[in-house]
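Enquirer: This is model-v7.pdb (PDB, C-alpha atoms).
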```pdb
MODEL        1
ATOM      1  CA  MET A   1     -11.167 -12.717   5.562
ATOM      2  CA  LEU A   2     -13.565 -15.225   3.927
ATOM      3  CA  LYS A   3     -14.491 -17.362   6.918
ATOM      4  CA  GLY A   4     -17.908 -18.915   6.350
ATOM      5  CA  LYS A   5     -17.976 -18.042   2.644
ATOM      6  CA  VAL A   6     -18.699 -20.662  -0.013
ATOM      7  CA  ALA A   7     -16.914 -20.630  -3.375
ATOM      8  CA  ILE A   8     -16.786 -22.664  -6.577
ATOM      9  CA  VAL A   9     -13.652 -22.596  -8.748
ATOM     10  CA  THR A  10     -13.961 -24.333 -12.111
ATOM     11  CA  GLY A  11     -10.969 -25.950 -13.774
ATOM     12  CA  ALA A  12      -9.076 -26.096 -10.494
ATOM     13  CA  SER A  13      -6.979 -29.261 -10.686
ATOM     14  CA  ARG A  14      -3.897 -27.311 -11.789
ATOM     15  CA  GLY A  15      -2.568 -23.958 -12.910
ATOM     16  CA  ILE A  16      -4.407 -20.715 -12.285
ATOM     17  CA  GLY A  17      -7.526 -22.446 -10.975
ATOM     18  CA  LYS A  18      -5.507 -24.324  -8.395
ATOM     19  CA  GLY A  19      -3.786 -21.135  -7.243
ATOM     20  CA  ILE A  20      -7.135 -19.371  -6.879
ATOM     21  CA  ALA A  21      -8.710 -22.249  -4.962
ATOM     22  CA  VAL A  22      -5.815 -22.528  -2.500
ATOM     23  CA  GLN A  23      -5.779 -18.784  -1.804
ATOM     24  CA  LEU A  24      -9.539 -18.681  -1.260
ATOM     25  CA  GLY A  25      -9.046 -21.534   1.197
ATOM     26  CA  ALA A  26      -6.189 -19.687   2.894
ATOM     27  CA  ALA A  27      -8.617 -16.814   3.426
ATOM     28  CA  GLY A  28     -10.974 -19.218   5.227
ATOM     29  CA  ALA A  29     -13.497 -20.148   2.526
ATOM     30  CA  THR A  30     -15.105 -23.477   1.767
ATOM     31  CA  VAL A  31     -14.030 -24.127  -1.810
ATOM     32  CA  TYR A  32     -15.624 -26.565  -4.234
ATOM     33  CA  VAL A  33     -13.048 -27.360  -6.915
ATOM     34  CA  THR A  34     -14.164 -28.812 -10.232
ATOM     35  CA  GLY A  35     -12.455 -30.430 -13.195
ATOM     36  CA  ARG A  36     -12.042 -33.755 -14.944
ATOM     37  CA  THR A  37      -9.073 -35.165 -12.998
ATOM     38  CA  LEU A  38     -10.393 -36.314  -9.636
ATOM     39  CA  ASN A  39      -7.719 -38.650  -8.253
ATOM     40  CA  PRO A  40      -3.911 -38.271  -8.042
ATOM     41  CA  SER A  41      -1.662 -39.981 -10.573
ATOM     42  CA  ASP A  42       2.063 -40.720 -10.587
ATOM     43  CA  ASP A  43       2.662 -38.988 -13.937
ATOM     44  CA  LYS A  44       1.056 -35.701 -12.796
ATOM     45  CA  PRO A  45       1.711 -35.347  -9.056
ATOM     46  CA  GLY A  46      -0.220 -32.621  -7.282
ATOM     47  CA  MET A  47      -2.469 -32.036 -10.293
ATOM     48  CA  SER A  48      -5.786 -33.575  -9.272
ATOM     49  CA  LEU A  49      -8.868 -32.263  -7.484
ATOM     50  CA  VAL A  50      -8.120 -34.459  -4.469
ATOM     51  CA  ASP A  51      -4.599 -32.996  -4.289
ATOM     52  CA  VAL A  52      -5.937 -29.447  -4.502
ATOM     53  CA  ALA A  53      -8.584 -30.086  -1.829
ATOM     54  CA  ARG A  54      -5.816 -31.315   0.442
ATOM     55  CA  GLU A  55      -3.782 -28.152  -0.179
ATOM     56  CA  ILE A  56      -6.843 -26.040   0.587
ATOM     57  CA  GLU A  57      -7.232 -27.874   3.906
ATOM     58  CA  ASP A  58      -3.533 -27.351   4.685
ATOM     59  CA  ALA A  59      -3.957 -23.631   3.955
ATOM     60  CA  GLY A  60      -6.770 -23.362   6.508
ATOM     61  CA  GLY A  61      -9.893 -23.717   4.380
ATOM     62  CA  VAL A  62     -12.294 -26.501   3.485
ATOM     63  CA  GLY A  63     -11.717 -28.174   0.122
ATOM     64  CA  VAL A  64     -14.386 -30.214  -1.657
ATOM     65  CA  PRO A  65     -13.366 -31.987  -4.902
ATOM     66  CA  VAL A  66     -16.144 -32.432  -7.464
ATOM     67  CA  GLN A  67     -15.460 -34.174 -10.759
ATOM     68  CA  CYS A  68     -17.089 -32.346 -13.662
ATOM     69  CA  ASP A  69     -16.633 -32.295 -17.414
ATOM     70  CA  HIS A  70     -17.550 -28.710 -18.262
ATOM     71  CA  LYS A  71     -18.518 -29.664 -21.793
ATOM     72  CA  ASN A  72     -21.535 -31.352 -20.223
ATOM     73  CA  GLU A  73     -24.270 -28.943 -19.092
ATOM     74  CA  ASP A  74     -25.954 -31.586 -16.932
ATOM     75  CA  GLN A  75     -22.718 -32.118 -15.001
ATOM     76  CA  ILE A  76     -22.342 -28.360 -14.496
ATOM     77  CA  LYS A  77     -25.878 -28.157 -13.126
ATOM     78  CA  ALA A  78     -25.171 -31.103 -10.823
ATOM     79  CA  VAL A  79     -22.279 -29.186  -9.228
ATOM     80  CA  PHE A  80     -24.551 -26.295  -8.284
ATOM     81  CA  ASP A  81     -27.321 -28.631  -7.118
ATOM     82  CA  ARG A  82     -24.823 -30.300  -4.788
ATOM     83  CA  VAL A  83     -23.507 -27.009  -3.409
ATOM     84  CA  SER A  84     -27.049 -25.729  -2.888
ATOM     85  CA  SER A  85     -28.010 -28.900  -1.036
ATOM     86  CA  GLU A  86     -24.897 -29.048   1.149
ATOM     87  CA  GLN A  87     -24.687 -25.302   1.872
ATOM     88  CA  GLU A  88     -28.400 -24.561   2.311
ATOM     89  CA  GLY A  89     -28.583 -22.546  -0.884
ATOM     90  CA  ARG A  90     -25.521 -20.438  -0.151
ATOM     91  CA  LEU A  91     -22.934 -19.504  -2.766
ATOM     92  CA  ASP A  92     -20.779 -16.404  -2.323
ATOM     93  CA  VAL A  93     -18.201 -16.702  -5.106
ATOM     94  CA  LEU A  94     -18.030 -18.348  -8.527
ATOM     95  CA  VAL A  95     -14.731 -18.253 -10.405
ATOM     96  CA  ASN A  96     -15.116 -19.240 -14.063
ATOM     97  CA  ASN A  97     -11.634 -20.469 -14.930
ATOM     98  CA  CYS A  98     -12.007 -23.768 -16.802
ATOM     99  CA  TYR A  99     -10.320 -23.972 -20.213
ATOM    100  CA  GLN A 100      -9.500 -26.847 -22.491
ATOM    101  CA  ALA A 101      -7.883 -25.574 -25.686
ATOM    102  CA  ALA A 102      -4.275 -24.841 -24.684
ATOM    103  CA  ASP A 103      -2.827 -27.707 -26.743
ATOM    104  CA  VAL A 104      -4.993 -26.829 -29.752
ATOM    105  CA  LEU A 105      -3.873 -23.190 -29.658
ATOM    106  CA  GLU A 106      -0.233 -24.217 -29.639
ATOM    107  CA  GLU A 107      -0.788 -26.364 -32.725
ATOM    108  CA  SER A 108      -2.736 -23.670 -34.599
ATOM    109  CA  PHE A 109      -0.453 -20.746 -33.795
ATOM    110  CA  LYS A 110       1.478 -20.851 -37.083
ATOM    111  CA  ASN A 111      -1.605 -21.130 -39.321
ATOM    112  CA  ASN A 112      -4.123 -18.580 -40.545
ATOM    113  CA  PHE A 113      -7.710 -19.152 -39.462
ATOM    114  CA  TRP A 114      -8.881 -20.341 -42.909
ATOM    115  CA  GLU A 115      -6.152 -22.992 -42.876
ATOM    116  CA  ILE A 116      -7.533 -24.507 -39.659
ATOM    117  CA  ASP A 117     -10.550 -26.773 -39.325
ATOM    118  CA  PRO A 118     -13.500 -24.552 -38.304
ATOM    119  CA  GLY A 119     -14.155 -26.978 -35.457
ATOM    120  CA  ILE A 120     -11.439 -25.124 -33.541
ATOM    121  CA  PHE A 121     -14.015 -22.479 -32.643
ATOM    122  CA  GLU A 122     -16.100 -25.035 -30.739
ATOM    123  CA  VAL A 123     -13.015 -26.522 -29.082
ATOM    124  CA  THR A 124     -11.721 -23.096 -28.060
ATOM    125  CA  ASN A 125     -14.980 -21.613 -26.824
ATOM    126  CA  ASN A 126     -17.065 -24.462 -25.449
ATOM    127  CA  VAL A 127     -15.361 -24.996 -22.097
ATOM    128  CA  GLY A 128     -13.700 -21.572 -22.138
ATOM    129  CA  LEU A 129     -16.854 -19.553 -22.848
ATOM    130  CA  LYS A 130     -20.123 -21.488 -23.030
ATOM    131  CA  ALA A 131     -19.378 -23.323 -19.779
ATOM    132  CA  HIS A 132     -18.767 -19.956 -18.085
ATOM    133  CA  TYR A 133     -22.195 -18.741 -19.169
ATOM    134  CA  VAL A 134     -23.951 -21.922 -18.041
ATOM    135  CA  ALA A 135     -22.220 -21.828 -14.652
ATOM    136  CA  SER A 136     -23.057 -18.135 -14.257
ATOM    137  CA  VAL A 137     -26.755 -18.855 -14.826
ATOM    138  CA  TYR A 138     -26.844 -21.406 -12.016
ATOM    139  CA  ALA A 139     -24.707 -19.233  -9.742
ATOM    140  CA  ALA A 140     -27.017 -16.252 -10.264
ATOM    141  CA  ARG A 141     -30.027 -18.376  -9.367
ATOM    142  CA  MET A 142     -28.409 -19.012  -5.987
ATOM    143  CA  MET A 143     -27.059 -15.497  -5.415
ATOM    144  CA  VAL A 144     -29.972 -13.292  -6.532
ATOM    145  CA  PRO A 145     -32.435 -14.441  -3.823
ATOM    146  CA  ARG A 146     -29.783 -13.691  -1.172
ATOM    147  CA  LYS A 147     -28.924 -10.276  -2.697
ATOM    148  CA  ARG A 148     -25.177 -10.906  -2.578
ATOM    149  CA  GLY A 149     -22.394 -12.681  -4.403
ATOM    150  CA  LEU A 150     -19.499 -12.356  -6.836
ATOM    151  CA  ILE A 151     -19.057 -14.013 -10.221
ATOM    152  CA  LEU A 152     -15.570 -13.641 -11.644
ATOM    153  CA  ASN A 153     -14.418 -14.602 -15.139
ATOM    154  CA  ILE A 154     -10.747 -15.301 -15.765
ATOM    155  CA  SER A 155      -9.810 -13.741 -19.101
ATOM    156  CA  SER A 156      -6.657 -12.376 -20.753
ATOM    157  CA  LEU A 157      -5.326  -9.441 -22.759
ATOM    158  CA  GLY A 158      -6.250 -11.547 -25.781
ATOM    159  CA  SER A 159      -9.594  -9.744 -25.568
ATOM    160  CA  GLN A 160      -7.849  -6.460 -26.381
ATOM    161  CA  GLY A 161      -5.648  -7.437 -29.312
ATOM    162  CA  TYR A 162      -4.421 -10.267 -31.502
ATOM    163  CA  ALA A 163      -3.257 -13.405 -29.679
ATOM    164  CA  PHE A 164      -2.706 -16.981 -30.912
ATOM    165  CA  THR A 165      -5.566 -17.269 -33.425
ATOM    166  CA  PRO A 166      -8.874 -15.422 -34.063
ATOM    167  CA  SER A 167     -11.076 -18.001 -32.317
ATOM    168  CA  TYR A 168      -9.124 -17.325 -29.112
ATOM    169  CA  GLY A 169      -9.520 -13.543 -29.207
ATOM    170  CA  ILE A 170     -13.194 -13.758 -30.161
ATOM    171  CA  GLY A 171     -13.828 -15.995 -27.165
ATOM    172  CA  LYS A 172     -11.974 -13.721 -24.749
ATOM    173  CA  CYS A 173     -13.917 -10.693 -26.014
ATOM    174  CA  ALA A 174     -17.111 -12.587 -25.243
ATOM    175  CA  VAL A 175     -15.831 -13.573 -21.780
ATOM    176  CA  ASP A 176     -15.306  -9.876 -21.013
ATOM    177  CA  ARG A 177     -18.629  -8.848 -22.526
ATOM    178  CA  MET A 178     -20.415 -11.478 -20.430
ATOM    179  CA  ALA A 179     -19.394  -9.670 -17.270
ATOM    180  CA  ILE A 180     -20.605  -6.326 -18.603
ATOM    181  CA  ASP A 181     -24.039  -7.457 -19.794
ATOM    182  CA  CYS A 182     -24.764 -10.020 -17.075
ATOM    183  CA  GLY A 183     -23.395  -7.649 -14.461
ATOM    184  CA  LEU A 184     -25.772  -4.950 -15.661
ATOM    185  CA  GLU A 185     -28.778  -7.212 -15.080
ATOM    186  CA  LEU A 186     -27.407  -8.416 -11.730
ATOM    187  CA  ARG A 187     -26.633  -4.945 -10.365
ATOM    188  CA  GLN A 188     -30.106  -4.286  -8.946
ATOM    189  CA  HIS A 189     -29.835  -7.597  -7.075
ATOM    190  CA  LYS A 190     -26.503  -6.644  -5.446
ATOM    191  CA  VAL A 191     -24.581  -9.408  -7.241
ATOM    192  CA  ALA A 192     -21.264  -8.366  -8.808
ATOM    193  CA  PHE A 193     -19.744  -9.711 -12.020
ATOM    194  CA  VAL A 194     -16.131  -8.816 -12.870
ATOM    195  CA  VAL A 195     -13.326  -9.937 -15.172
ATOM    196  CA  LEU A 196      -9.766 -10.586 -14.014
ATOM    197  CA  SER A 197      -7.006 -10.812 -16.623
ATOM    198  CA  PRO A 198      -3.655 -12.183 -15.448
ATOM    199  CA  GLY A 199      -0.411 -11.328 -17.170
ATOM    200  CA  PRO A 200       2.006 -14.090 -18.206
ATOM    201  CA  VAL A 201       1.498 -16.809 -15.565
ATOM    202  CA  LEU A 202       4.017 -19.485 -14.625
ATOM    203  CA  THR A 203       1.710 -22.474 -14.584
ATOM    204  CA  GLU A 204       3.206 -25.932 -14.144
ATOM    205  CA  THR A 205       3.605 -26.318 -17.912
ATOM    206  CA  PHE A 206       5.088 -22.881 -18.539
ATOM    207  CA  THR A 207       7.459 -23.200 -15.575
ATOM    208  CA  LYS A 208       8.951 -26.312 -17.172
ATOM    209  CA  LEU A 209       9.197 -24.620 -20.578
ATOM    210  CA  VAL A 210      11.010 -21.611 -19.090
ATOM    211  CA  ALA A 211      13.424 -23.920 -17.248
ATOM    212  CA  ASN A 212      14.154 -25.873 -20.435
ATOM    213  CA  ILE A 213      14.826 -22.722 -22.474
ATOM    214  CA  ARG A 214      17.006 -21.297 -19.705
ATOM    215  CA  LEU A 215      19.075 -24.471 -19.708
ATOM    216  CA  GLN A 216      19.459 -24.282 -23.482
ATOM    217  CA  LEU A 217      20.497 -20.628 -23.257
ATOM    218  CA  GLU A 218      23.181 -21.575 -20.755
ATOM    219  CA  THR A 219      24.505 -24.492 -22.823
ATOM    220  CA  ASP A 220      24.124 -23.366 -26.447
ATOM    221  CA  ALA A 221      22.231 -20.088 -26.928
ATOM    222  CA  GLU A 222      22.556 -20.207 -30.719
ATOM    223  CA  LEU A 223      20.161 -23.166 -30.856
ATOM    224  CA  VAL A 224      17.357 -21.216 -29.170
ATOM    225  CA  SER A 225      14.770 -20.120 -31.737
ATOM    226  CA  LYS A 226      13.460 -16.559 -31.921
ATOM    227  CA  SER A 227       9.984 -17.644 -30.822
ATOM    228  CA  ASP A 228      11.395 -19.561 -27.837
ATOM    229  CA  LEU A 229      13.478 -16.554 -26.836
ATOM    230  CA  GLU A 230      10.442 -14.259 -27.031
ATOM    231  CA  PHE A 231       8.460 -16.724 -24.920
ATOM    232  CA  TYR A 232      11.282 -16.906 -22.375
ATOM    233  CA  ASN A 233      11.608 -13.130 -22.050
ATOM    234  CA  LEU A 234       7.851 -12.804 -21.608
ATOM    235  CA  PHE A 235       7.412 -15.548 -19.007
ATOM    236  CA  LYS A 236      10.707 -15.711 -17.078
ATOM    237  CA  ASP A 237       9.440 -13.068 -14.646
ATOM    238  CA  GLY A 238       5.795 -14.122 -14.930
ATOM    239  CA  GLU A 239       3.397 -14.075 -12.021
ATOM    240  CA  SER A 240       2.620 -17.186 -10.030
ATOM    241  CA  CYS A 241      -0.737 -18.937  -9.891
ATOM    242  CA  GLN A 242      -0.853 -18.124  -6.182
ATOM    243  CA  TYR A 243      -0.566 -14.395  -6.973
ATOM    244  CA  VAL A 244      -3.649 -14.625  -9.191
ATOM    245  CA  GLY A 245      -5.323 -16.395  -6.285
ATOM    246  CA  GLN A 246      -4.420 -13.585  -3.889
ATOM    247  CA  CYS A 247      -6.051 -11.110  -6.245
ATOM    248  CA  VAL A 248      -9.257 -13.160  -6.405
ATOM    249  CA  ALA A 249      -9.369 -13.592  -2.614
ATOM    250  CA  ASN A 250      -9.044  -9.831  -2.075
ATOM    251  CA  LEU A 251     -11.765  -9.089  -4.610
ATOM    252  CA  ALA A 252     -14.000 -11.687  -2.940
ATOM    253  CA  ALA A 253     -13.470  -9.960   0.413
ATOM    254  CA  GLU A 254     -13.984  -6.426  -0.962
ATOM    255  CA  PRO A 255     -16.948  -4.862   0.889
ATOM    256  CA  ASN A 256     -17.573  -2.403  -1.958
ATOM    257  CA  ILE A 257     -17.304  -4.940  -4.767
ATOM    258  CA  MET A 258     -20.436  -3.568  -6.447
ATOM    259  CA  ASN A 259     -18.397  -0.485  -7.338
ATOM    260  CA  LYS A 260     -16.206  -2.755  -9.459
ATOM    261  CA  SER A 261     -19.014  -4.730 -11.092
ATOM    262  CA  CYS A 262     -18.986  -4.906 -14.911
ATOM    263  CA  GLY A 263     -15.289  -3.992 -14.867
ATOM    264  CA  THR A 264     -12.217  -5.654 -16.356
ATOM    265  CA  TYR A 265      -9.087  -5.650 -14.191
ATOM    266  CA  LEU A 266      -5.509  -6.817 -14.566
ATOM    267  CA  THR A 267      -3.972  -8.815 -11.726
ATOM    268  CA  ALA A 268      -1.109  -6.310 -11.556
ATOM    269  CA  GLU A 269      -3.599  -3.477 -11.009
ATOM    270  CA  VAL A 270      -5.469  -5.410  -8.322
ATOM    271  CA  GLY A 271      -2.166  -6.265  -6.659
ATOM    272  CA  ILE A 272      -1.183  -2.601  -6.499
ATOM    273  CA  GLU A 273      -4.570  -1.638  -5.052
ATOM    274  CA  TYR A 274      -4.368  -4.225  -2.269
ATOM    275  CA  GLY A 275      -0.606  -4.051  -1.678
ATOM    276  CA  LEU A 276       0.106  -7.598  -2.838
ATOM    277  CA  THR A 277       3.465  -9.099  -3.721
ATOM    278  CA  ASP A 278       4.209 -12.380  -5.445
ATOM    279  CA  CYS A 279       5.946 -15.399  -3.921
ATOM    280  CA  ASN A 280       9.330 -14.019  -4.983
ATOM    281  CA  GLY A 281       8.673 -10.714  -3.229
ATOM    282  CA  ARG A 282       8.205  -8.787  -6.468
ATOM    283  CA  ARG A 283       5.182  -7.163  -8.048
ATOM    284  CA  PRO A 284       4.311  -8.369 -11.554
ATOM    285  CA  ILE A 285       4.603  -5.937 -14.441
ATOM    286  CA  ASN A 286       1.450  -3.932 -15.117
ATOM    287  CA  HIS A 287       0.981  -4.353 -18.865
ATOM    288  CA  ARG A 288      -1.498  -1.462 -18.969
ATOM    289  CA  SER A 289       1.041   1.035 -17.604
ATOM    290  CA  LEU A 290       3.637   2.884 -19.662
ATOM    291  CA  SER A 291       6.430   1.993 -17.244
ATOM    292  CA  GLY A 292       5.423  -1.680 -17.374
ATOM    293  CA  ALA A 293       5.552  -1.683 -21.156
ATOM    294  CA  LEU A 294       9.010  -0.094 -21.106
ATOM    295  CA  GLN A 295      10.230  -2.740 -18.653
ATOM    296  CA  GLU A 296       8.940  -5.488 -20.908
ATOM    297  CA  LEU A 297      10.728  -3.935 -23.896
ATOM    298  CA  GLY A 298      13.991  -3.860 -21.945
ATOM    299  CA  TYR A 299      14.114  -0.127 -21.199
ATOM    300  CA  THR A 300      14.268  -0.640 -17.444
ATOM    301  CA  TRP A 301      16.405   2.460 -16.913
ATOM    302  CA  LEU A 302      13.764   4.648 -18.578
ATOM    303  CA  ALA A 303      10.868   2.890 -16.794
ATOM    304  CA  ARG A 304      12.296   4.036 -13.445
ATOM    305  CA  PHE A 305      11.484   7.636 -14.337
ATOM    306  CA  ILE A 306       7.881   6.971 -15.407
ATOM    307  CA  PRO A 307       5.229   6.928 -12.648
ATOM    308  CA  GLY A 308       3.388   3.614 -12.535
ATOM    309  CA  PHE A 309      -0.038   5.267 -12.683
ATOM    310  CA  ILE A 310       0.473   6.595 -16.229
ATOM    311  CA  PRO A 311      -1.511   4.238 -18.488
ATOM    312  CA  MET A 312      -0.373   2.703 -21.728
ATOM    313  CA  PRO A 313      -2.653   3.937 -24.535
ATOM    314  CA  TRP A 314      -4.955   1.181 -25.761
ATOM    315  CA  TRP A 315      -3.897   1.754 -29.349
ATOM    316  CA  ALA A 316      -0.301   1.048 -28.292
ATOM    317  CA  ILE A 317      -1.289  -2.196 -26.568
ATOM    318  CA  GLN A 318      -3.188  -3.324 -29.636
ATOM    319  CA  TRP A 319      -0.285  -2.375 -31.899
ATOM    320  CA  ALA A 320       2.128  -4.373 -29.737
ATOM    321  CA  MET A 321      -0.131  -7.423 -29.880
ATOM    322  CA  TYR A 322      -0.567  -7.008 -33.636
ATOM    323  CA  SER A 323       3.208  -7.046 -34.002
ATOM    324  CA  HIS A 324       3.126 -10.638 -32.740
ATOM    325  CA  TYR A 325       0.913 -11.473 -35.728
ATOM    326  CA  VAL A 326       3.459  -9.845 -38.056
ATOM    327  CA  ASP A 327       6.217 -11.937 -36.473
ATOM    328  CA  LYS A 328       4.043 -15.017 -36.869
ATOM    329  CA  GLN A 329       3.678 -14.323 -40.584
ATOM    330  CA  LYS A 330       7.406 -13.831 -40.997
ATOM    331  CA  SER A 331       8.141 -17.174 -39.337
ATOM    332  CA  THR A 332       5.865 -19.129 -41.677
TER     333      THR A 332
ENDMDL
END
```
As structure tokens, please, write out the structure in this file.

Expert:
Amino acid sequence: MLKGKVAIVTGASRGIGKGIAVQLGAAGATVYVTGRTLNPSDDKPGMSLVDVAREIEDAGGVGVPVQCDHKNEDQIKAVFDRVSSEQEGRLDVLVNNCYQAADVLEESFKNNFWEIDPGIFEVTNNVGLKAHYVASVYAARMMVPRKRGLILNISSLGSQGYAFTPSYGIGKCAVDRMAIDCGLELRQHKVAFVVLSPGPVLTETFTKLVANIRLQLETDAELVSKSDLEFYNLFKDGESCQYVGQCVANLAAEPNIMNKSCGTYLTAEVGIEYGLTDCNGRRPINHRSLSGALQELGYTWLARFIPGFIPMPWWAIQWAMYSHYVDKQKST
């Protein structure tokens, strides 16, 4: 499907980036994986660029690990210089996935924005936004002369409504807007720019958290906090990192990708379009469909009677996300 194609996936030592890189490799691509953790370690097995490159090779692709701190613009440029040199100027796919603020968001979740050091904005949006823009500039310089290519930003529904803290949502809005504005300028050069927003994803960290909460529910459910229970219900049937990767691989292979340029897509929607199923044989819930929302709220019997193509109104999605802010206020 992607034999002979060259891709770069940023932030690919673990989680969503790893799943994307492996699936691009499984489709036959040569995949340059970037991140800070180059070599394997005993405390985090399977979570290094070398590990991921090996998994790409096992899947049938070519994996090239490249250490890069995406806070450093010179290091970002060096990645593209290396790819250009080794691949004779060819780059078919850039996936902007790197992110660095997960721990900070967890710590700031129970505070209002004025109660948090304003430096959180830089922490949240340097690697998760600025680095995307810098990488996209260098990718475009390789793709435009060849009149082909795909740049894909990984985002979230946090761009559509309240999530975590304002600096997070502001950054995700900008990630989405980047694809619209940059994609507009790239259109005449036949280079596509799209946004892909996964639903709840069972990364390595979240898989462990779900397992721990499940164990606590089985042993003493009364000790499980309301916030932990909400997290569990949201993520227990979450999509895998490999499913996100399948979606990216199919978009990268789409011959009419220019028709999707400047668009924002959910992984569940892409999965339906290309007939994808997750590792467990199920299809993730489409959070933009009415039936998906009913499933998430526990009304599975009612969801069966609602066609999956009926969309959830945007105002309803935003209201549901705002309700999380109300719950946050009540818990403080």

Enquirer: Excluding Leu157 in chain A and its own-chain neighbours fewer than 3 positions away, which residues fall within 7 Å of it when counting all atoms listed in the file? Please give them as a list in words.

Expert: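 Contacts, with the query itself left out: Gln160, Gly161 and Ser197 of chain A.
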
Enquirer: Which residues of range 167-218 of chain A have any atom within 12 Å of an atom in range 41-54 of chain A when counting all atoms listed in the file, and what is the closest pair of atoms for each, with the distance in Å to one decimal? Order the rows by chain and rising number and write it as a tab-separated table.

Expert:
```
residue	atom	partner	partner_atom	distance
A:Thr203	CA	A:Met47	CA	11.3
A:Glu204	CA	A:Met47	CA	9.2
A:Thr205	CA	A:Lys44	CA	11.0
```

Enquirer: Using CA of Asp117 in chain A and CA of Pro166 in chain A as the two end points, give the distance in Å to one decimal.

Expert: 12.6 Å

Enquirer: Do you know which residues the PyMOL selection byres ((chain A and resi 134-151) around 6) returns on this file, as number ranges by chain?

Expert: A: 92-94, 131-133, 152, 189-193

Enquirer: With C-alpha atoms retained, write the just-selected residues as a short mmCIF file (atom, residue, chain, number, x, y, z; two decimals), in the frame of the given file.

Expert:
```cif
data_model
loop_
_atom_site.label_atom_id
_atom_site.label_comp_id
_atom_site.auth_asym_id
_atom_site.auth_seq_id
_atom_site.Cartn_x
_atom_site.Cartn_y
_atom_site.Cartn_z
CA ASP A 92 -20.78 -16.40 -2.32
CA VAL A 93 -18.20 -16.70 -5.11
CA LEU A 94 -18.03 -18.35 -8.53
CA ALA A 131 -19.38 -23.32 -19.78
CA HIS A 132 -18.77 -19.96 -18.08
CA TYR A 133 -22.20 -18.74 -19.17
CA LEU A 152 -15.57 -13.64 -11.64
CA HIS A 189 -29.84 -7.60 -7.08
CA LYS A 190 -26.50 -6.64 -5.45
CA VAL A 191 -24.58 -9.41 -7.24
CA ALA A 192 -21.26 -8.37 -8.81
CA PHE A 193 -19.74 -9.71 -12.02
#
```

Enquirer: Given only C-alpha atoms as the basis, pick out the residue of A:Ala221, A:Val248, A:Leu215, A:Pro200 nearest to Lys236 in chain A.

Expert: A:Pro200

Enquirer: Given the PyMOL selection byres ((chain A and resi 283) around 12) and the file above, list the residues it selects as a PyMOL selection string.

Expert: chain A and resi 199+237-240+243-244+267-282+284-287+292+308

Enquirer: Taking into account all atoms listed in the file, which residue in the set A:Ala101, A:Ser225, A:Ala78, A:Ala7 is nearest to Val64 in chain A?

Expert: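 Closest to Val64 in chain A, using all atoms listed in the file: A:Ala7.
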
Enquirer: Where does the PyMOL selection byres ((chain A and resi 126) around 10) land in this file, that is, which residues does it pick, as a count of residues only?

Expert: 20

Enquirer: State, in Å with one decimal place, the distance from CA of Gln67 in chain A to CA of Gln87 in chain A.

Expert: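 Between CA of Gln67 in chain A and CA of Gln87 in chain A the gap works out to 18.0 Å.
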
Enquirer: Distance CA of Ala27 in chain A-CA of Glu57 in chain A, one decimal place?

Expert: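 Between CA of Ala27 in chain A and CA of Glu57 in chain A the gap works out to 11.2 Å.
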
Enquirer: Pick the closest to Glu185 in chain A from A:Val62, A:Cys262, A:Ala26, A:Ile16: which is it, counting all atoms listed in the file?

Expert: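 Of all the options, A:Cys262 lies closest to Glu185 in chain A.
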
Enquirer: Which residue out of A:Phe231, A:Tyr32, A:Phe164, A:Trp114 has the minimum interatomic distance to Leu202 in chain A when only C-alpha atoms are used?

Expert: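 Smallest separation from Leu202 in chain A among the options: A:Phe231.
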
Enquirer: So which residues touch Gly158 in chain A within 12 Å, counting only C-alpha atoms, skipping near sequence neighbours fewer than 2 positions away, as a PyMOL selection string?

Expert: chain A and resi 154-156+160-176+197-200+317-318+320-322+324

Enquirer: Hey, which of A:Ser227, A:Gln242, A:Asn256, A:Ser261 ends up closest to Ile180 in chain A? Count only C-alpha atoms.

Expert: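 Smallest separation from Ile180 in chain A among the options: A:Ser261.
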
Enquirer: Considering all atoms listed in the file, state which residue in the set A:Val95, A:Ile257, A:Ala29, A:Val83 is at the smallest distance from Thr10 in chain A.

Expert: A:Val95

Enquirer: Residues within 6 Å of Gln23 in chain A, please, as a PyMOL selection string. Count only C-alpha atoms; anything in the same chain fewer than 2 positions from it doesn't count.

Expert: chain A and resi 20-21+25-26+245-246

Enquirer: May I have the residues from that selection written out with C-alpha atoms, as a CSV table (one decimal), keeping the file's coordinate frame?

Expert:
```
chain,number,residue,atom,x,y,z
A,20,ILE,CA,-7.1,-19.4,-6.9
A,21,ALA,CA,-8.7,-22.2,-5.0
A,25,GLY,CA,-9.0,-21.5,1.2
A,26,ALA,CA,-6.2,-19.7,2.9
A,245,GLY,CA,-5.3,-16.4,-6.3
A,246,GLN,CA,-4.4,-13.6,-3.9
```
